[in-house]
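Source file: model-v1.pdb (PDB, N, CA and C atoms, pLDDT in the B column)
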ATOM      1  N   MET W   1       0.834  -1.175   0.000  1.00 56.00           N
ATOM      2  CA  MET W   1       0.000   0.000   0.000  1.00 56.00           C
ATOM      3  C   MET W   1       0.886   1.248   0.000  1.00 56.00           C
ATOM      4  N   ASN W   2       0.702   2.102  -0.982  1.00 60.00           N
ATOM      5  CA  ASN W   2       1.453   3.352  -1.057  1.00 60.00           C
ATOM      6  C   ASN W   2       0.627   4.473  -0.466  1.00 60.00           C
ATOM      7  N   LEU W   3       1.258   5.286   0.371  1.00 59.00           N
ATOM      8  CA  LEU W   3       0.603   6.433   0.978  1.00 59.00           C
ATOM      9  C   LEU W   3       1.313   7.689   0.498  1.00 59.00           C
ATOM     10  N   HIS W   4       0.603   8.505  -0.283  1.00 62.00           N
ATOM     11  CA  HIS W   4       1.182   9.735  -0.813  1.00 62.00           C
ATOM     12  C   HIS W   4       0.630  10.913  -0.015  1.00 62.00           C
ATOM     13  N   LEU W   5       1.521  11.604   0.674  1.00 60.00           N
ATOM     14  CA  LEU W   5       1.147  12.791   1.442  1.00 60.00           C
ATOM     15  C   LEU W   5       1.897  13.983   0.884  1.00 60.00           C
ATOM     16  N   SER W   6       1.177  15.013   0.528  1.00 71.00           N
ATOM     17  CA  SER W   6       1.865  16.239   0.141  1.00 71.00           C
ATOM     18  C   SER W   6       2.115  17.059   1.393  1.00 71.00           C
ATOM     19  N   ILE W   7       3.042  17.960   1.307  1.00 72.00           N
ATOM     20  CA  ILE W   7       3.501  18.670   2.498  1.00 72.00           C
ATOM     21  C   ILE W   7       2.492  19.708   2.972  1.00 72.00           C
ATOM     22  N   GLY W   8       1.703  20.301   2.087  1.00 71.00           N
ATOM     23  CA  GLY W   8       0.742  21.340   2.459  1.00 71.00           C
ATOM     24  C   GLY W   8      -0.286  20.883   3.478  1.00 71.00           C
ATOM     25  N   PRO W   9      -1.038  19.830   3.164  1.00 79.00           N
ATOM     26  CA  PRO W   9      -2.024  19.340   4.138  1.00 79.00           C
ATOM     27  C   PRO W   9      -1.397  18.829   5.426  1.00 79.00           C
ATOM     28  N   LEU W  10      -0.210  18.285   5.342  1.00 80.00           N
ATOM     29  CA  LEU W  10       0.463  17.799   6.538  1.00 80.00           C
ATOM     30  C   LEU W  10       0.834  18.955   7.456  1.00 80.00           C
ATOM     31  N   VAL W  11       1.355  20.036   6.894  1.00 76.00           N
ATOM     32  CA  VAL W  11       1.700  21.213   7.688  1.00 76.00           C
ATOM     33  C   VAL W  11       0.452  21.832   8.300  1.00 76.00           C
ATOM     34  N   SER W  12      -0.632  21.909   7.532  1.00 78.00           N
ATOM     35  CA  SER W  12      -1.856  22.501   8.066  1.00 78.00           C
ATOM     36  C   SER W  12      -2.454  21.642   9.174  1.00 78.00           C
ATOM     37  N   LEU W  13      -2.336  20.331   9.069  1.00 84.00           N
ATOM     38  CA  LEU W  13      -2.823  19.448  10.128  1.00 84.00           C
ATOM     39  C   LEU W  13      -2.040  19.658  11.423  1.00 84.00           C
ATOM     40  N   ILE W  14      -0.734  19.725  11.320  1.00 84.00           N
ATOM     41  CA  ILE W  14       0.104  19.958  12.497  1.00 84.00           C
ATOM     42  C   ILE W  14      -0.200  21.325  13.099  1.00 84.00           C
ATOM     43  N   ALA W  15      -0.359  22.345  12.250  1.00 78.00           N
ATOM     44  CA  ALA W  15      -0.670  23.690  12.738  1.00 78.00           C
ATOM     45  C   ALA W  15      -2.016  23.703  13.452  1.00 78.00           C
ATOM     46  N   GLY W  16      -3.005  23.015  12.904  1.00 81.00           N
ATOM     47  CA  GLY W  16      -4.321  22.965  13.535  1.00 81.00           C
ATOM     48  C   GLY W  16      -4.284  22.308  14.898  1.00 81.00           C
ATOM     49  N   VAL W  17      -3.537  21.238  15.019  1.00 86.00           N
ATOM     50  CA  VAL W  17      -3.419  20.558  16.309  1.00 86.00           C
ATOM     51  C   VAL W  17      -2.715  21.453  17.319  1.00 86.00           C
ATOM     52  N   LEU W  18      -1.662  22.135  16.895  1.00 82.00           N
ATOM     53  CA  LEU W  18      -0.948  23.028  17.806  1.00 82.00           C
ATOM     54  C   LEU W  18      -1.820  24.190  18.262  1.00 82.00           C
ATOM     55  N   ILE W  19      -2.658  24.707  17.364  1.00 81.00           N
ATOM     56  CA  ILE W  19      -3.554  25.798  17.741  1.00 81.00           C
ATOM     57  C   ILE W  19      -4.579  25.313  18.767  1.00 81.00           C
ATOM     58  N   LEU W  20      -5.058  24.098  18.608  1.00 86.00           N
ATOM     59  CA  LEU W  20      -6.007  23.551  19.586  1.00 86.00           C
ATOM     60  C   LEU W  20      -5.356  23.348  20.947  1.00 86.00           C
ATOM     61  N   VAL W  21      -4.111  22.898  20.947  1.00 86.00           N
ATOM     62  CA  VAL W  21      -3.426  22.611  22.205  1.00 86.00           C
ATOM     63  C   VAL W  21      -2.980  23.900  22.891  1.00 86.00           C
ATOM     64  N   VAL W  22      -2.385  24.812  22.116  1.00 83.00           N
ATOM     65  CA  VAL W  22      -1.848  26.057  22.688  1.00 83.00           C
ATOM     66  C   VAL W  22      -2.380  27.238  21.872  1.00 83.00           C
ATOM     67  N   PRO W  23      -3.553  27.763  22.218  1.00 81.00           N
ATOM     68  CA  PRO W  23      -4.161  28.838  21.419  1.00 81.00           C
ATOM     69  C   PRO W  23      -3.323  30.127  21.371  1.00 81.00           C
ATOM     70  N   ARG W  24      -2.450  30.353  22.360  1.00 84.00           N
ATOM     71  CA  ARG W  24      -1.624  31.559  22.348  1.00 84.00           C
ATOM     72  C   ARG W  24      -0.622  31.560  21.205  1.00 84.00           C
ATOM     73  N   LEU W  25      -0.343  30.400  20.624  1.00 80.00           N
ATOM     74  CA  LEU W  25       0.627  30.313  19.530  1.00 80.00           C
ATOM     75  C   LEU W  25       0.006  30.609  18.169  1.00 80.00           C
ATOM     76  N   LEU W  26      -1.254  31.028  18.145  1.00 83.00           N
ATOM     77  CA  LEU W  26      -1.966  31.186  16.878  1.00 83.00           C
ATOM     78  C   LEU W  26      -1.226  32.113  15.914  1.00 83.00           C
ATOM     79  N   ASN W  27      -0.799  33.274  16.365  1.00 86.00           N
ATOM     80  CA  ASN W  27      -0.130  34.220  15.465  1.00 86.00           C
ATOM     81  C   ASN W  27       1.152  33.631  14.885  1.00 86.00           C
ATOM     82  N   TYR W  28       1.940  32.981  15.723  1.00 84.00           N
ATOM     83  CA  TYR W  28       3.197  32.409  15.248  1.00 84.00           C
ATOM     84  C   TYR W  28       2.961  31.255  14.278  1.00 84.00           C
ATOM     85  N   ILE W  29       1.988  30.411  14.611  1.00 80.00           N
ATOM     86  CA  ILE W  29       1.715  29.253  13.754  1.00 80.00           C
ATOM     87  C   ILE W  29       1.204  29.703  12.395  1.00 80.00           C
ATOM     88  N   VAL W  30       0.310  30.686  12.372  1.00 83.00           N
ATOM     89  CA  VAL W  30      -0.208  31.184  11.098  1.00 83.00           C
ATOM     90  C   VAL W  30       0.918  31.816  10.283  1.00 83.00           C
ATOM     91  N   ALA W  31       1.776  32.582  10.926  1.00 85.00           N
ATOM     92  CA  ALA W  31       2.885  33.215  10.208  1.00 85.00           C
ATOM     93  C   ALA W  31       3.836  32.167   9.626  1.00 85.00           C
ATOM     94  N   ILE W  32       4.198  31.193  10.424  1.00 83.00           N
ATOM     95  CA  ILE W  32       5.106  30.140   9.944  1.00 83.00           C
ATOM     96  C   ILE W  32       4.462  29.340   8.827  1.00 83.00           C
ATOM     97  N   TYR W  33       3.160  29.040   8.981  1.00 80.00           N
ATOM     98  CA  TYR W  33       2.441  28.289   7.949  1.00 80.00           C
ATOM     99  C   TYR W  33       2.445  29.058   6.629  1.00 80.00           C
ATOM    100  N   LEU W  34       2.149  30.343   6.679  1.00 83.00           N
ATOM    101  CA  LEU W  34       2.113  31.130   5.452  1.00 83.00           C
ATOM    102  C   LEU W  34       3.498  31.223   4.804  1.00 83.00           C
ATOM    103  N   ILE W  35       4.529  31.341   5.613  1.00 85.00           N
ATOM    104  CA  ILE W  35       5.882  31.382   5.068  1.00 85.00           C
ATOM    105  C   ILE W  35       6.239  30.059   4.403  1.00 85.00           C
ATOM    106  N   VAL W  36       5.919  28.949   5.064  1.00 81.00           N
ATOM    107  CA  VAL W  36       6.242  27.624   4.506  1.00 81.00           C
ATOM    108  C   VAL W  36       5.485  27.384   3.209  1.00 81.00           C
ATOM    109  N   ILE W  37       4.186  27.682   3.195  1.00 80.00           N
ATOM    110  CA  ILE W  37       3.393  27.473   1.982  1.00 80.00           C
ATOM    111  C   ILE W  37       3.882  28.390   0.859  1.00 80.00           C
ATOM    112  N   GLY W  38       4.250  29.624   1.203  1.00 82.00           N
ATOM    113  CA  GLY W  38       4.783  30.531   0.193  1.00 82.00           C
ATOM    114  C   GLY W  38       6.094  30.032  -0.401  1.00 82.00           C
ATOM    115  N   LEU W  39       6.978  29.533   0.445  1.00 82.00           N
ATOM    116  CA  LEU W  39       8.251  29.006  -0.047  1.00 82.00           C
ATOM    117  C   LEU W  39       8.049  27.767  -0.913  1.00 82.00           C
ATOM    118  N   ILE W  40       7.121  26.921  -0.499  1.00 79.00           N
ATOM    119  CA  ILE W  40       6.824  25.736  -1.313  1.00 79.00           C
ATOM    120  C   ILE W  40       6.265  26.147  -2.664  1.00 79.00           C
ATOM    121  N   GLY W  41       5.411  27.176  -2.665  1.00 80.00           N
ATOM    122  CA  GLY W  41       4.845  27.649  -3.920  1.00 80.00           C
ATOM    123  C   GLY W  41       5.891  28.252  -4.845  1.00 80.00           C
ATOM    124  N   ILE W  42       6.857  28.960  -4.268  1.00 83.00           N
ATOM    125  CA  ILE W  42       7.899  29.587  -5.085  1.00 83.00           C
ATOM    126  C   ILE W  42       8.905  28.553  -5.581  1.00 83.00           C
ATOM    127  N   VAL W  43       9.399  27.724  -4.671  1.00 82.00           N
ATOM    128  CA  VAL W  43      10.443  26.760  -5.014  1.00 82.00           C
ATOM    129  C   VAL W  43       9.863  25.530  -5.695  1.00 82.00           C
ATOM    130  N   GLY W  44       8.685  25.109  -5.270  1.00 72.00           N
ATOM    131  CA  GLY W  44       8.086  23.885  -5.787  1.00 72.00           C
ATOM    132  C   GLY W  44       8.504  22.714  -4.955  1.00 72.00           C
ATOM    133  N   THR W  45       7.677  21.702  -4.922  1.00 61.00           N
ATOM    134  CA  THR W  45       7.976  20.532  -4.096  1.00 61.00           C
ATOM    135  C   THR W  45       9.051  19.661  -4.731  1.00 61.00           C
ATOM    136  N   GLY W  46       9.172  19.668  -6.047  1.00 56.00           N
ATOM    137  CA  GLY W  46      10.208  18.891  -6.695  1.00 56.00           C
ATOM    138  C   GLY W  46      10.083  17.398  -6.447  1.00 56.00           C
ATOM    139  N   GLY W  47       8.868  16.899  -6.394  1.00 53.00           N
ATOM    140  CA  GLY W  47       8.663  15.474  -6.186  1.00 53.00           C
ATOM    141  C   GLY W  47       8.843  15.054  -4.742  1.00 53.00           C
ATOM    142  N   LEU W  48       8.572  15.939  -3.801  1.00 55.00           N
ATOM    143  CA  LEU W  48       8.714  15.619  -2.375  1.00 55.00           C
ATOM    144  C   LEU W  48       7.452  14.906  -1.909  1.00 55.00           C
ATOM    145  N   TYR W  49       7.505  13.596  -1.842  1.00 54.00           N
ATOM    146  CA  TYR W  49       6.378  12.785  -1.393  1.00 54.00           C
ATOM    147  C   TYR W  49       6.857  11.773  -0.371  1.00 54.00           C
ATOM    148  N   LEU W  50       6.031  11.527   0.626  1.00 54.00           N
ATOM    149  CA  LEU W  50       6.338  10.493   1.596  1.00 54.00           C
ATOM    150  C   LEU W  50       5.707   9.199   1.125  1.00 54.00           C
ATOM    151  N   HIS W  51       6.513   8.160   1.026  1.00 50.00           N
ATOM    152  CA  HIS W  51       5.985   6.861   0.575  1.00 50.00           C
ATOM    153  C   HIS W  51       5.822   5.942   1.748  1.00 50.00           C
TER
END

Write the structure described by the file as structure tokens, please.
Amino acid sequence: MNLHLSIGPLVSLIAGVLILVVPRLLNYIVAIYLIVIGLIGIVGTGGLYLH
């Protein structure tokens, strides 16, 4: 069984869990998430998949 996970949904899932656990981190998590997604969009994933 192959499991293909792209990095975008994985990062958003981790960010969502962290926001639920520690709501004070919301600003930092959103900022880091936007930076990561922006960098991925600019650079491209280049075939980055978890198998």

Problem set entry | Matched chain/residue IDs from the PyMOL selection byres ((chain W and resi 8-19) around 8), as JSON, numbers by chain | {"W": [5, 6, 7, 20, 21, 22, 23, 24, 25, 26, 29, 30, 33, 36, 37]}

Exercise. When you draw a straight line from atom CA of W:Ile42 to atom CA of W:Tyr28, how long is it in Å?
Worked result: 21.1 Å

For this session: Grab the atom N of W:Gly44 to atom C of W:Asn27 distance for me, in Å with one decimal place.
Result: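 It comes out at 23.1 Å.
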